[in-house]
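A.B. asks: Provided below: start_9.txt, containing compact mmCIF, C-alpha atoms and all ligand atoms.
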# COMPACT_ATOMS: atom_id res chain seq x y z
CA MET C 1 156.40 148.84 156.52
CA GLU C 2 155.46 145.60 158.22
CA LYS C 3 151.79 146.52 157.74
CA LEU C 4 152.29 147.12 154.03
CA ALA C 5 154.09 143.80 153.60
CA SER C 6 151.27 141.94 155.33
CA LYS C 7 148.68 143.76 153.16
CA VAL C 8 150.53 142.77 149.99
CA GLN C 9 150.76 139.19 151.25
CA GLY C 10 147.02 139.25 152.00
CA LEU C 11 146.25 140.46 148.47
CA GLU C 12 148.50 137.82 146.94
CA LEU C 13 146.74 135.10 148.90
CA LEU C 14 143.36 136.53 147.94
CA LEU C 15 144.27 136.44 144.27
CA LYS C 16 145.60 132.88 144.57
CA LEU C 17 142.43 131.72 146.31
CA THR C 18 140.27 133.46 143.70
CA LEU C 19 142.06 131.65 140.88
CA GLU C 20 141.94 128.31 142.67
CA LEU C 21 138.29 128.48 143.63
CA CYS C 22 137.03 129.87 140.35
CA SER C 23 138.52 126.99 138.41
CA GLU C 24 136.72 124.47 140.64
CA ARG C 25 133.25 123.23 139.65
CA SER C 26 132.67 120.68 142.39
CA LEU C 27 130.91 122.17 145.41
CA GLU C 28 132.65 119.78 147.79
CA LYS C 29 136.07 120.72 146.45
CA VAL C 30 135.29 124.45 146.65
CA LEU C 31 134.29 124.04 150.28
CA GLU C 32 137.23 121.83 151.14
CA LYS C 33 139.75 124.20 149.55
CA ALA C 34 138.12 127.29 151.04
CA TRP C 35 138.07 125.69 154.48
CA ALA C 36 141.73 124.75 154.40
CA GLU C 37 142.90 127.99 152.79
CA LEU C 38 140.94 130.37 155.01
CA ALA C 39 142.66 129.21 158.17
CA ARG C 40 146.06 129.28 156.47
CA VAL C 41 145.66 132.71 154.86
CA MET C 42 144.19 134.22 158.01
CA LYS C 43 146.90 132.59 160.18
CA ALA C 44 144.12 131.14 162.32
CA GLU C 45 144.01 127.90 164.27
CA ARG C 46 140.77 126.88 162.62
CA SER C 47 138.13 128.01 160.16
CA SER C 48 134.48 127.08 159.88
CA ILE C 49 132.05 127.33 157.01
CA PHE C 50 128.35 127.20 157.83
CA LEU C 51 125.79 127.00 155.04
CA LEU C 52 122.20 128.10 155.38
CA ASP C 53 119.47 125.47 155.12
CA GLU C 54 116.64 127.84 154.27
CA GLU C 55 113.91 125.18 154.53
CA LYS C 56 114.81 124.14 158.07
CA GLY C 57 115.89 127.62 159.16
CA GLU C 58 119.26 126.22 160.26
CA LEU C 59 122.95 126.78 159.70
CA PHE C 60 125.01 123.63 159.21
CA SER C 61 128.72 123.01 159.05
CA PHE C 62 129.57 121.63 155.67
CA VAL C 63 133.21 120.69 155.86
CA ALA C 64 134.47 122.39 158.98
CA LEU C 65 135.17 120.58 162.22
CA GLY C 66 135.81 117.14 160.77
CA ALA C 67 133.27 114.69 159.50
CA GLN C 68 130.57 115.42 162.04
CA GLU C 69 127.94 117.86 160.80
CA ILE C 70 126.80 120.50 163.26
CA ARG C 71 123.39 122.17 162.94
CA PHE C 72 121.81 124.98 164.88
CA PRO C 73 119.02 127.57 164.44
CA LYS C 74 120.08 130.17 161.89
CA GLU C 75 119.91 133.07 164.35
CA LYS C 76 121.97 131.36 167.07
CA GLY C 77 125.53 132.23 168.11
CA ILE C 78 127.94 134.67 166.53
CA ALA C 79 127.42 132.92 163.16
CA GLY C 80 123.66 133.52 163.44
CA ALA C 81 124.25 137.15 164.43
CA SER C 82 126.42 137.87 161.39
CA LEU C 83 124.00 136.04 159.09
CA THR C 84 121.05 138.05 160.45
CA SER C 85 122.80 141.43 160.35
CA GLY C 86 124.69 140.77 157.11
CA GLU C 87 127.74 142.36 158.74
CA PRO C 88 131.09 141.01 159.92
CA ILE C 89 131.56 140.51 163.66
CA LEU C 90 134.87 140.71 165.46
CA VAL C 91 135.01 138.98 168.82
CA ALA C 92 138.07 139.43 171.02
CA ASP C 93 136.90 137.18 173.87
CA ALA C 94 134.37 134.57 172.77
CA TYR C 95 133.34 133.37 176.25
CA GLY C 96 132.81 136.97 177.34
CA ASP C 97 130.32 137.58 174.50
CA PRO C 98 126.71 136.71 175.35
CA ARG C 99 125.97 135.84 171.70
CA PHE C 100 128.63 133.11 171.65
CA ASN C 101 127.27 129.57 171.38
CA PRO C 102 129.64 127.27 173.34
CA ALA C 103 127.79 124.14 172.12
CA ILE C 104 130.07 123.90 169.08
CA ASP C 105 133.21 123.98 171.22
CA SER C 106 131.69 121.28 173.45
CA ALA C 107 130.94 119.14 170.40
CA THR C 108 134.43 119.50 168.94
CA GLY C 109 136.61 119.82 172.02
CA PHE C 110 138.06 123.08 170.63
CA ARG C 111 138.43 126.20 172.78
CA THR C 112 137.54 129.39 170.92
CA ARG C 113 139.24 132.55 172.16
CA SER C 114 138.82 135.17 169.46
CA MET C 115 137.05 135.04 166.12
CA VAL C 116 135.95 136.88 163.02
CA SER C 117 132.60 135.91 161.54
CA VAL C 118 131.55 137.11 158.08
CA PRO C 119 128.37 136.35 156.12
CA LEU C 120 128.76 134.52 152.80
CA LYS C 121 126.92 136.28 150.04
CA VAL C 122 126.16 135.40 146.42
CA PRO C 123 126.46 138.08 143.71
CA ASN C 124 122.87 139.33 144.14
CA GLY C 125 123.55 139.97 147.84
CA GLU C 126 121.56 136.98 149.14
CA ARG C 127 123.16 135.44 152.24
CA ILE C 128 123.94 131.74 151.91
CA GLY C 129 125.99 131.10 155.03
CA VAL C 130 128.81 132.28 157.25
CA VAL C 131 132.58 131.85 157.37
CA GLN C 132 134.55 132.14 160.56
CA VAL C 133 138.16 132.02 161.58
CA LEU C 134 138.99 131.10 165.15
CA ASN C 135 142.03 132.04 167.30
CA ARG C 136 144.96 133.81 165.70
CA LYS C 137 147.97 131.53 165.74
CA ASP C 138 150.17 134.20 167.34
CA GLY C 139 147.79 134.36 170.30
CA ARG C 140 146.78 137.99 169.68
CA PRO C 141 143.11 138.83 169.08
CA PHE C 142 142.01 139.45 165.49
CA GLY C 143 141.99 143.08 164.34
CA LYS C 144 140.27 145.32 161.80
CA GLU C 145 142.67 144.26 159.03
CA ASP C 146 141.76 140.62 159.61
CA VAL C 147 138.09 141.54 159.24
CA ALA C 148 138.79 143.33 155.94
CA LEU C 149 140.77 140.38 154.60
CA LEU C 150 138.19 137.78 155.65
CA ARG C 151 135.46 139.93 154.11
CA ALA C 152 137.30 139.93 150.80
CA LEU C 153 137.95 136.19 151.04
CA ALA C 154 134.31 135.53 151.92
CA SER C 155 133.13 137.33 148.79
CA VAL C 156 135.34 135.06 146.67
CA VAL C 157 134.16 131.96 148.52
CA GLY C 158 130.52 133.08 148.18
CA VAL C 159 130.82 133.47 144.40
CA ALA C 160 132.67 130.14 144.05
CA ILE C 161 130.01 128.29 146.09
CA HIS C 162 127.25 129.93 144.09
CA THR C 163 128.91 129.01 140.78
CA ALA C 164 129.41 125.41 141.92
CA GLN C 165 125.76 125.21 143.07
CA LEU C 166 124.55 126.55 139.71
CA TYR C 167 126.79 124.09 137.90
CA ARG C 168 125.41 121.22 139.99
CA GLU C 169 121.83 122.30 139.25
CA GLN C 170 122.58 122.56 135.56
CA GLN C 171 124.20 119.12 135.60
CA ARG C 172 121.17 117.60 137.35
CA ALA C 173 118.85 119.13 134.76
CA THR C 174 121.03 117.89 131.90
CA GLU C 175 121.15 114.38 133.38
CA ALA C 176 117.37 114.29 133.77
CA VAL C 177 116.90 115.35 130.13
CA ILE C 178 119.41 112.75 128.92
CA HIS C 179 117.68 109.98 130.92
CA SER C 180 114.35 110.88 129.34
CA ILE C 181 115.88 110.92 125.87
CA VAL C 182 117.52 107.51 126.41
CA ARG C 183 114.24 106.04 127.65
CA ALA C 184 112.29 107.49 124.72
CA VAL C 185 114.82 106.13 122.19
CA GLU C 186 114.74 102.68 123.83
CA MET C 187 110.94 102.51 123.68
CA ARG C 188 110.95 103.34 120.02
CA THR C 189 113.94 101.32 118.81
CA GLU C 190 114.51 98.31 121.05
CA ARG C 191 112.50 95.17 121.58
CA GLY C 192 111.93 95.40 125.29
CA ILE C 193 115.52 94.39 126.12
CA PRO C 194 117.57 97.14 127.77
CA HIS C 195 120.26 98.25 125.33
CA ALA C 196 121.62 101.79 125.79
CA PRO C 197 121.56 101.74 129.64
CA LEU C 198 123.52 98.48 129.60
CA VAL C 199 126.01 99.71 126.97
CA SER C 200 126.43 102.77 129.18
CA SER C 201 127.25 100.60 132.23
CA PHE C 202 129.66 98.47 130.19
CA CYS C 203 131.41 101.65 128.98
CA GLU C 204 131.84 102.83 132.56
CA ILE C 205 133.32 99.50 133.70
CA ILE C 206 135.70 99.26 130.72
CA GLY C 207 136.70 102.95 130.97
CA ARG C 208 137.62 102.47 134.64
CA ALA C 209 139.53 99.29 133.84
CA MET C 210 141.56 101.30 131.32
CA GLY C 211 142.51 103.75 134.05
CA LEU C 212 140.63 106.76 132.64
CA GLY C 213 139.89 109.73 134.89
CA GLU C 214 136.49 110.23 136.52
CA GLU C 215 135.42 112.99 134.11
CA GLU C 216 136.39 110.99 131.03
CA VAL C 217 134.57 107.92 132.37
CA ARG C 218 131.42 110.04 132.89
CA ARG C 219 131.64 111.40 129.34
CA ILE C 220 131.94 107.91 127.87
CA ARG C 221 129.12 106.63 130.07
CA TRP C 222 126.81 109.37 128.76
CA ALA C 223 127.94 108.78 125.19
CA GLY C 224 127.19 105.07 125.73
CA GLY C 225 123.65 105.97 126.76
CA LEU C 226 123.11 108.21 123.75
CA HIS C 227 125.02 106.33 121.06
CA ASP C 228 121.95 105.06 119.19
CA LEU C 229 119.93 108.28 119.31
CA GLY C 230 120.14 108.41 115.49
CA LYS C 231 118.03 105.21 115.29
CA LEU C 232 115.04 107.53 115.67
CA SER C 233 115.58 108.40 112.00
CA VAL C 234 115.53 104.73 110.84
CA PRO C 235 112.08 103.47 109.75
CA ASP C 236 110.49 100.62 111.78
CA ARG C 237 110.34 98.33 108.77
CA ILE C 238 114.15 98.31 108.79
CA LEU C 239 114.86 98.70 112.49
CA LEU C 240 112.48 95.96 113.62
CA LYS C 241 112.80 93.73 110.54
CA GLY C 242 114.20 90.69 112.37
CA GLU C 243 115.93 89.23 109.31
CA PRO C 244 118.97 90.22 107.23
CA LEU C 245 118.82 93.66 105.61
CA THR C 246 118.96 94.13 101.85
CA ASP C 247 121.71 96.15 100.19
CA GLN C 248 119.27 99.06 99.94
CA GLU C 249 118.23 98.87 103.58
CA ARG C 250 121.71 98.52 105.12
CA PRO C 251 122.97 102.08 104.44
CA VAL C 252 119.74 103.48 105.90
CA TYR C 253 120.34 101.53 109.11
CA GLU C 254 124.04 102.43 109.14
CA SER C 255 123.27 106.12 108.84
CA HIS C 256 122.12 106.06 112.50
CA ALA C 257 125.66 106.48 113.86
CA LEU C 258 126.38 109.75 112.08
CA MET C 259 122.81 110.85 112.78
CA SER C 260 123.38 110.30 116.53
CA GLY C 261 126.40 112.59 116.25
CA ARG C 262 124.49 115.23 114.33
CA LEU C 263 121.60 115.29 116.80
CA LEU C 264 123.96 115.63 119.75
CA GLU C 265 125.96 118.34 118.02
CA LYS C 266 122.74 120.35 117.76
CA MET C 267 122.22 120.01 121.53
CA ASN C 268 125.46 121.95 121.89
CA PHE C 269 126.43 120.45 125.24
CA GLN C 270 128.79 122.50 127.38
CA GLY C 271 131.20 121.47 130.11
CA GLU C 272 132.21 117.85 130.36
CA LEU C 273 129.71 116.73 127.71
CA ALA C 274 131.08 119.12 125.09
CA GLY C 275 132.16 117.25 121.96
CA ILE C 276 130.36 114.06 122.97
CA GLU C 277 129.09 113.79 119.36
CA ASP C 278 132.51 112.55 118.18
CA LEU C 279 132.23 109.58 120.51
CA VAL C 280 128.84 108.47 119.17
CA SER C 281 129.43 109.20 115.46
CA PHE C 282 132.13 106.53 115.28
CA HIS C 283 130.67 103.81 117.50
CA HIS C 284 130.45 101.43 114.51
CA LYS C 285 133.84 102.37 113.11
CA HIS C 286 136.25 99.44 113.01
CA TYR C 287 139.70 99.82 114.52
CA GLY C 288 141.32 98.84 111.22
CA GLY C 289 139.30 101.43 109.27
CA GLY C 290 136.29 99.32 108.16
CA GLY C 291 132.77 99.57 109.54
CA PHE C 292 130.66 102.67 109.12
CA PRO C 293 130.61 105.54 108.34
CA PRO C 294 132.98 104.76 105.45
CA GLY C 295 136.30 106.63 105.42
CA GLY C 296 137.08 108.78 108.43
CA PRO C 297 139.38 107.95 111.33
CA GLN C 298 141.04 104.64 112.04
CA ARG C 299 142.99 103.00 114.85
CA GLU C 300 144.03 105.55 117.50
CA GLU C 301 142.44 108.42 115.53
CA ILE C 302 139.04 107.00 116.46
CA PRO C 303 138.09 108.64 119.78
CA LEU C 304 138.79 106.19 122.61
CA GLY C 305 135.21 106.63 123.85
CA ALA C 306 133.90 105.43 120.46
CA ARG C 307 136.18 102.37 120.61
CA ILE C 308 134.85 101.56 124.08
CA ILE C 309 131.23 101.98 122.98
CA ALA C 310 131.94 99.72 119.97
CA VAL C 311 133.09 96.83 122.19
CA SER C 312 130.31 97.35 124.75
CA ASP C 313 127.73 97.49 121.97
CA ALA C 314 129.12 94.39 120.23
CA ILE C 315 128.80 92.20 123.36
CA TRP C 316 125.12 93.09 123.58
CA CYS C 317 124.49 92.76 119.82
CA ARG C 318 125.86 89.21 119.86
CA MET C 319 123.61 88.28 122.76
CA TYR C 320 120.51 89.84 121.24
CA PRO C 321 121.10 89.84 117.48
CA ARG C 322 118.81 91.99 115.42
CA TRP C 323 118.89 90.33 112.03
CA GLY C 324 118.03 86.71 112.79
CA GLU C 325 121.54 85.46 113.78
CA LYS C 326 121.89 82.86 116.55
CA PRO C 327 121.98 84.55 119.99
CA MET C 328 125.07 83.92 122.15
CA GLY C 329 125.38 83.77 125.92
CA PHE C 330 127.38 86.49 127.68
CA GLN C 331 130.66 84.54 127.96
CA GLU C 332 130.46 83.33 124.35
CA ALA C 333 129.68 86.86 123.10
CA LEU C 334 132.61 88.30 125.03
CA HIS C 335 135.08 85.65 123.86
CA SER C 336 133.94 85.95 120.25
CA LEU C 337 135.46 89.45 120.20
CA ALA C 338 138.96 87.95 120.39
CA GLU C 339 138.73 87.13 116.68
CA GLY C 340 138.35 90.76 115.62
CA MET C 341 141.02 92.21 117.91
CA GLY C 342 143.16 94.74 116.03
CA VAL C 343 140.90 94.65 112.95
CA VAL C 344 137.41 95.37 114.24
CA TRP C 345 138.12 96.20 117.89
CA ASP C 346 140.85 98.04 119.70
CA PRO C 347 142.76 95.19 121.42
CA LYS C 348 143.30 97.30 124.56
CA VAL C 349 139.56 97.76 124.97
CA VAL C 350 138.78 94.06 124.45
CA GLU C 351 141.47 93.12 126.96
CA ALA C 352 140.00 95.51 129.50
CA ALA C 353 136.58 93.90 128.91
CA PHE C 354 138.08 90.40 129.42
CA GLN C 355 139.70 91.58 132.62
CA ARG C 356 136.41 92.88 133.98
CA ARG C 357 134.15 90.08 132.74
CA ALA C 358 132.70 89.42 136.19
CA GLU C 359 131.70 93.07 136.62
CA LEU C 360 130.22 93.21 133.12
CA GLU C 361 128.19 90.08 133.77
CA GLU C 362 126.96 91.49 137.05
CA ALA C 363 125.86 94.72 135.29
CA LEU C 364 124.02 92.61 132.72
CA GLY C 365 122.18 90.67 135.44
CA LYS C 366 121.24 93.88 137.22
CA SER C 367 119.99 95.54 134.06
CA LEU C 368 117.80 92.55 133.17
CA ALA C 369 116.46 92.38 136.73
CA ASP C 370 115.62 96.12 136.64
CA GLN C 371 113.83 95.62 133.35
CA GLY C 372 111.91 92.67 134.85
CA LYS C 373 110.84 94.83 137.81
CA ARG C 374 109.61 97.57 135.45
CA GLU C 375 107.55 95.06 133.50
CA ALA C 376 106.12 93.30 136.58
FE FE O 1 124.54 101.66 116.84
FE FE O 2 123.85 100.18 119.95
Represent the supplied structure as structure tokens.
Ligand SMILES: [Fe+2]
Ligand SMILES: [Fe+2]

C.D. replies:
Amino acid sequence: MEKLASKVQGLELLLKLTLELCSERSLEKVLEKAWAELARVMKAERSSIFLLDEEKGELFSFVALGAQEIRFPKEKGIAGASLTSGEPILVADAYGDPRFNPAIDSATGFRTRSMVSVPLKVPNGERIGVVQVLNRKDGRPFGKEDVALLRALASVVGVAIHTAQLYREQQRATEAVIHSIVRAVEMRTERGIPHAPLVSSFCEIIGRAMGLGEEEVRRIRWAGGLHDLGKLSVPDRILLKGEPLTDQERPVYESHALMSGRLLEKMNFQGELAGIEDLVSFHHKHYGGGGFPPGGPQREEIPLGARIIAVSDAIWCRMYPRWGEKPMGFQEALHSLAEGMGVVWDPKVVEAAFQRRAELEEALGKSLADQGKREA
């Protein structure tokens, strides 16, 4: 009866861990959660997760054993033995086992008595590391049931790590593509003064000042980088005219905002960039309903990201005007926004920009210096 109850409890914990890990996309968080949960679920004093560094032929502790990373040859110790064989290993008396590597205990000050070591595998069977639990809390050695449970847990952890690694790779690739797109748009549409990268930095600073979460700040930062993508569809004679536009030319220029949205919609971003097109489509929409495109959302209906891009963009546009107006310095450009608060700009966004003026100015200086370095 007691055995059955502990089996049911094991299955419940396995299910809970599966749900928790599978909803996590950050590799660090997957590892952290897995590390903490494994020891708890297995009623062990400690757990360790070692990941395989294929290039160096080493296993390294990722989150286990505190902040200090431990590395050793991938075939060494009990961890190495279970990685090499692909099988779980149950050790009742660590110091009595010739495969045991006491160096880790010496480095951490821990005394291992018994352990279970199980290889971490990804869905195609490839081994990516090892998980271990050390010393049962009740002082008894681990048994066959512990091995079965850790094996099941390891398969969940393996899949979660693999998913998080794939997600990270995909994110890196997406970021690289976006950077190239932003650079290409800048070369074609700007006059050698960094625009989108700076708007992007401003958006990040203002978003943080408004207390937005990390993921939302990242979304707005990317939208800030891509907001003028649609300028690719505006002819040079209008884009680079340098003097006021005619009534015929203005709508062509203004069409760039919706065009940015349409182009991004076609890219069909997934994950945290999904729906980013709504942020760029309305970056010239006024808080009170004016601006362009005509009609559409107003006030709080305008996505907050679009309202943040609008303010970030306006500071820059007043410093480097496109149509022959007198350029303003940073402080003057920022203060000039006070006039349009509530009508053109969301007052909360302008206030956040005022609050962080020093950071915005620093980002401006950095962006201009980076540009100078590129040109030198
Ligand atoms: Fe724009
Ligand atoms: Fe812009």

A.B. asks: Give me, please, the distance in Å between atom CA of C:Val122 and atom CA of C:Arg136, quoted to one decimal.

C.D. replies: 27.0 Å

A.B. asks: Might you pull out every residue within 12 Å of C:Pro321, with all atoms listed in the file counted and same-chain residues fewer than 3 positions away left off, and present them as a PDB file with C-alpha atoms, in the coordinates of the input?

C.D. replies:
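Here's the written file selection_20.pdb:
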ATOM      1  CA  GLU C 190     114.510  98.310 121.050  1.00  0.00           C
ATOM      2  CA  ARG C 191     112.500  95.170 121.580  1.00  0.00           C
ATOM      3  CA  ILE C 193     115.520  94.390 126.120  1.00  0.00           C
ATOM      4  CA  HIS C 195     120.260  98.250 125.330  1.00  0.00           C
ATOM      5  CA  LEU C 239     114.860  98.700 112.490  1.00  0.00           C
ATOM      6  CA  LEU C 240     112.480  95.960 113.620  1.00  0.00           C
ATOM      7  CA  LYS C 241     112.800  93.730 110.540  1.00  0.00           C
ATOM      8  CA  GLY C 242     114.200  90.690 112.370  1.00  0.00           C
ATOM      9  CA  GLU C 243     115.930  89.230 109.310  1.00  0.00           C
ATOM     10  CA  PRO C 244     118.970  90.220 107.230  1.00  0.00           C
ATOM     11  CA  ASP C 313     127.730  97.490 121.970  1.00  0.00           C
ATOM     12  CA  ALA C 314     129.120  94.390 120.230  1.00  0.00           C
ATOM     13  CA  ILE C 315     128.800  92.200 123.360  1.00  0.00           C
ATOM     14  CA  TRP C 316     125.120  93.090 123.580  1.00  0.00           C
ATOM     15  CA  CYS C 317     124.490  92.760 119.820  1.00  0.00           C
ATOM     16  CA  ARG C 318     125.860  89.210 119.860  1.00  0.00           C
ATOM     17  CA  GLY C 324     118.030  86.710 112.790  1.00  0.00           C
ATOM     18  CA  GLU C 325     121.540  85.460 113.780  1.00  0.00           C
ATOM     19  CA  LYS C 326     121.890  82.860 116.550  1.00  0.00           C
ATOM     20  CA  PRO C 327     121.980  84.550 119.990  1.00  0.00           C
ATOM     21  CA  MET C 328     125.070  83.920 122.150  1.00  0.00           C
ATOM     22  CA  GLY C 329     125.380  83.770 125.920  1.00  0.00           C
ATOM     23  CA  ALA C 333     129.680  86.860 123.100  1.00  0.00           C
TER      24      ALA C 333
END

A.B. asks: One decimal, Å: what's the distance from atom CA of C:Glu204 over to atom CA of C:Arg188, could you say?

C.D. replies: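 Distance reported for this atom pair: 24.4 Å.
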
A.B. asks: Taking (121.3, 103.2, 124.9) in the file's own coordinates, collect the residues within 9 Å, counting only C-alpha atoms, and hand them back as a list in words.

C.D. replies: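 With a cut-off of 9 Å, the residues come to Val182, Arg183, Val185, Glu186, Pro194, His195, Ala196, Pro197, Leu198, Val199, Ser200, Ala223, Gly224, Gly225, Leu226, His227, Asp228 and Leu229 of chain C.
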
A.B. asks: Output C-alpha atoms for every residue in that selection, as a JSON list (two decimals), keeping the file's coordinate frame.

C.D. replies:
[["chain", "number", "residue", "atom", "x", "y", "z"],
["C", 182, "VAL", "CA", 117.52, 107.51, 126.41],
["C", 183, "ARG", "CA", 114.24, 106.04, 127.65],
["C", 185, "VAL", "CA", 114.82, 106.13, 122.19],
["C", 186, "GLU", "CA", 114.74, 102.68, 123.83],
["C", 194, "PRO", "CA", 117.57, 97.14, 127.77],
["C", 195, "HIS", "CA", 120.26, 98.25, 125.33],
["C", 196, "ALA", "CA", 121.62, 101.79, 125.79],
["C", 197, "PRO", "CA", 121.56, 101.74, 129.64],
["C", 198, "LEU", "CA", 123.52, 98.48, 129.60],
["C", 199, "VAL", "CA", 126.01, 99.71, 126.97],
["C", 200, "SER", "CA", 126.43, 102.77, 129.18],
["C", 223, "ALA", "CA", 127.94, 108.78, 125.19],
["C", 224, "GLY", "CA", 127.19, 105.07, 125.73],
["C", 225, "GLY", "CA", 123.65, 105.97, 126.76],
["C", 226, "LEU", "CA", 123.11, 108.21, 123.75],
["C", 227, "HIS", "CA", 125.02, 106.33, 121.06],
["C", 228, "ASP", "CA", 121.95, 105.06, 119.19],
["C", 229, "LEU", "CA", 119.93, 108.28, 119.31]]

A.B. asks: For a cut-off of 10 Å around (133.7, 132.7, 149.1), file coordinates, pick out all residues using all atoms listed in the file and list them as an mmCIF file with C-alpha atoms, in the frame of the given file.

C.D. replies:
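New file result02.cif:
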data_model
loop_
_atom_site.group_PDB
_atom_site.id
_atom_site.type_symbol
_atom_site.label_atom_id
_atom_site.label_comp_id
_atom_site.auth_asym_id
_atom_site.auth_seq_id
_atom_site.Cartn_x
_atom_site.Cartn_y
_atom_site.Cartn_z
ATOM 1 C CA LEU C 17 142.430 131.720 146.310
ATOM 2 C CA THR C 18 140.270 133.460 143.700
ATOM 3 C CA LEU C 21 138.290 128.480 143.630
ATOM 4 C CA CYS C 22 137.030 129.870 140.350
ATOM 5 C CA VAL C 30 135.290 124.450 146.650
ATOM 6 C CA LEU C 31 134.290 124.040 150.280
ATOM 7 C CA ALA C 34 138.120 127.290 151.040
ATOM 8 C CA TRP C 35 138.070 125.690 154.480
ATOM 9 C CA LEU C 38 140.940 130.370 155.010
ATOM 10 C CA ILE C 49 132.050 127.330 157.010
ATOM 11 C CA PRO C 119 128.370 136.350 156.120
ATOM 12 C CA LEU C 120 128.760 134.520 152.800
ATOM 13 C CA LYS C 121 126.920 136.280 150.040
ATOM 14 C CA VAL C 122 126.160 135.400 146.420
ATOM 15 C CA GLY C 129 125.990 131.100 155.030
ATOM 16 C CA VAL C 130 128.810 132.280 157.250
ATOM 17 C CA VAL C 131 132.580 131.850 157.370
ATOM 18 C CA LEU C 150 138.190 137.780 155.650
ATOM 19 C CA ARG C 151 135.460 139.930 154.110
ATOM 20 C CA ALA C 152 137.300 139.930 150.800
ATOM 21 C CA LEU C 153 137.950 136.190 151.040
ATOM 22 C CA ALA C 154 134.310 135.530 151.920
ATOM 23 C CA SER C 155 133.130 137.330 148.790
ATOM 24 C CA VAL C 156 135.340 135.060 146.670
ATOM 25 C CA VAL C 157 134.160 131.960 148.520
ATOM 26 C CA GLY C 158 130.520 133.080 148.180
ATOM 27 C CA VAL C 159 130.820 133.470 144.400
ATOM 28 C CA ALA C 160 132.670 130.140 144.050
ATOM 29 C CA ILE C 161 130.010 128.290 146.090
ATOM 30 C CA HIS C 162 127.250 129.930 144.090
#

A.B. asks: Compile a residue-level contact table for chain C against ligand FE 1 (chain O) at a cut-off of 9 Å, reporting for every qualifying residue the shortest atom pair and its distance in Å to one decimal, with only C-alpha atoms and all ligand atoms counted, rows ordered by chain and ascending number, as CSV.

C.D. replies:
residue,atom,partner,partner_atom,distance
C:His227,CA,O:FE1,FE,6.3
C:Asp228,CA,O:FE1,FE,4.9
C:Leu229,CA,O:FE1,FE,8.4
C:Gly230,CA,O:FE1,FE,8.2
C:Lys231,CA,O:FE1,FE,7.6
C:Tyr253,CA,O:FE1,FE,8.8
C:Glu254,CA,O:FE1,FE,7.8
C:His256,CA,O:FE1,FE,6.6
C:Ala257,CA,O:FE1,FE,5.8
C:Ser260,CA,O:FE1,FE,8.7
C:Val280,CA,O:FE1,FE,8.4
C:His283,CA,O:FE1,FE,6.5
C:His284,CA,O:FE1,FE,6.4
C:Ala310,CA,O:FE1,FE,8.3
C:Asp313,CA,O:FE1,FE,7.3

A.B. asks: Which distance in Å separates atom CA of C:Leu52 and atom CA of C:Glu87, to one decimal?

C.D. replies: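 So the answer is 15.7 Å.
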
A.B. asks: Can you pull out every residue within 12 Å of C:Gln68, counting all atoms listed in the file, but drop anything in the same chain fewer than 5 positions away, and send it as a list in words?

C.D. replies: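 The neighbour list is Phe60, Ser61, Phe62, Val63, Ile104, Ala107 and Thr108 of chain C.
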
A.B. asks: Can you tell me which residues surround C:Pro251 at a distance of at most 12 Å, considering only C-alpha atoms, apart from same-chain residues fewer than 3 positions away, and format the answer as a ChimeraX atom specification?

C.D. replies: /C:234,238-239,245-248,254-258,291-294

A.B. asks: Measuring atom to atom with all atoms listed in the file, identify which of C:Pro123, C:Ser312, C:Arg140, C:Ser82 is nearest to ligand FE 2 (chain O).

C.D. replies: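 Checking each of C:Pro123, C:Ser312, C:Arg140, C:Ser82 against ligand FE 2 (chain O), counting all atoms listed in the file, the winner is C:Ser312.
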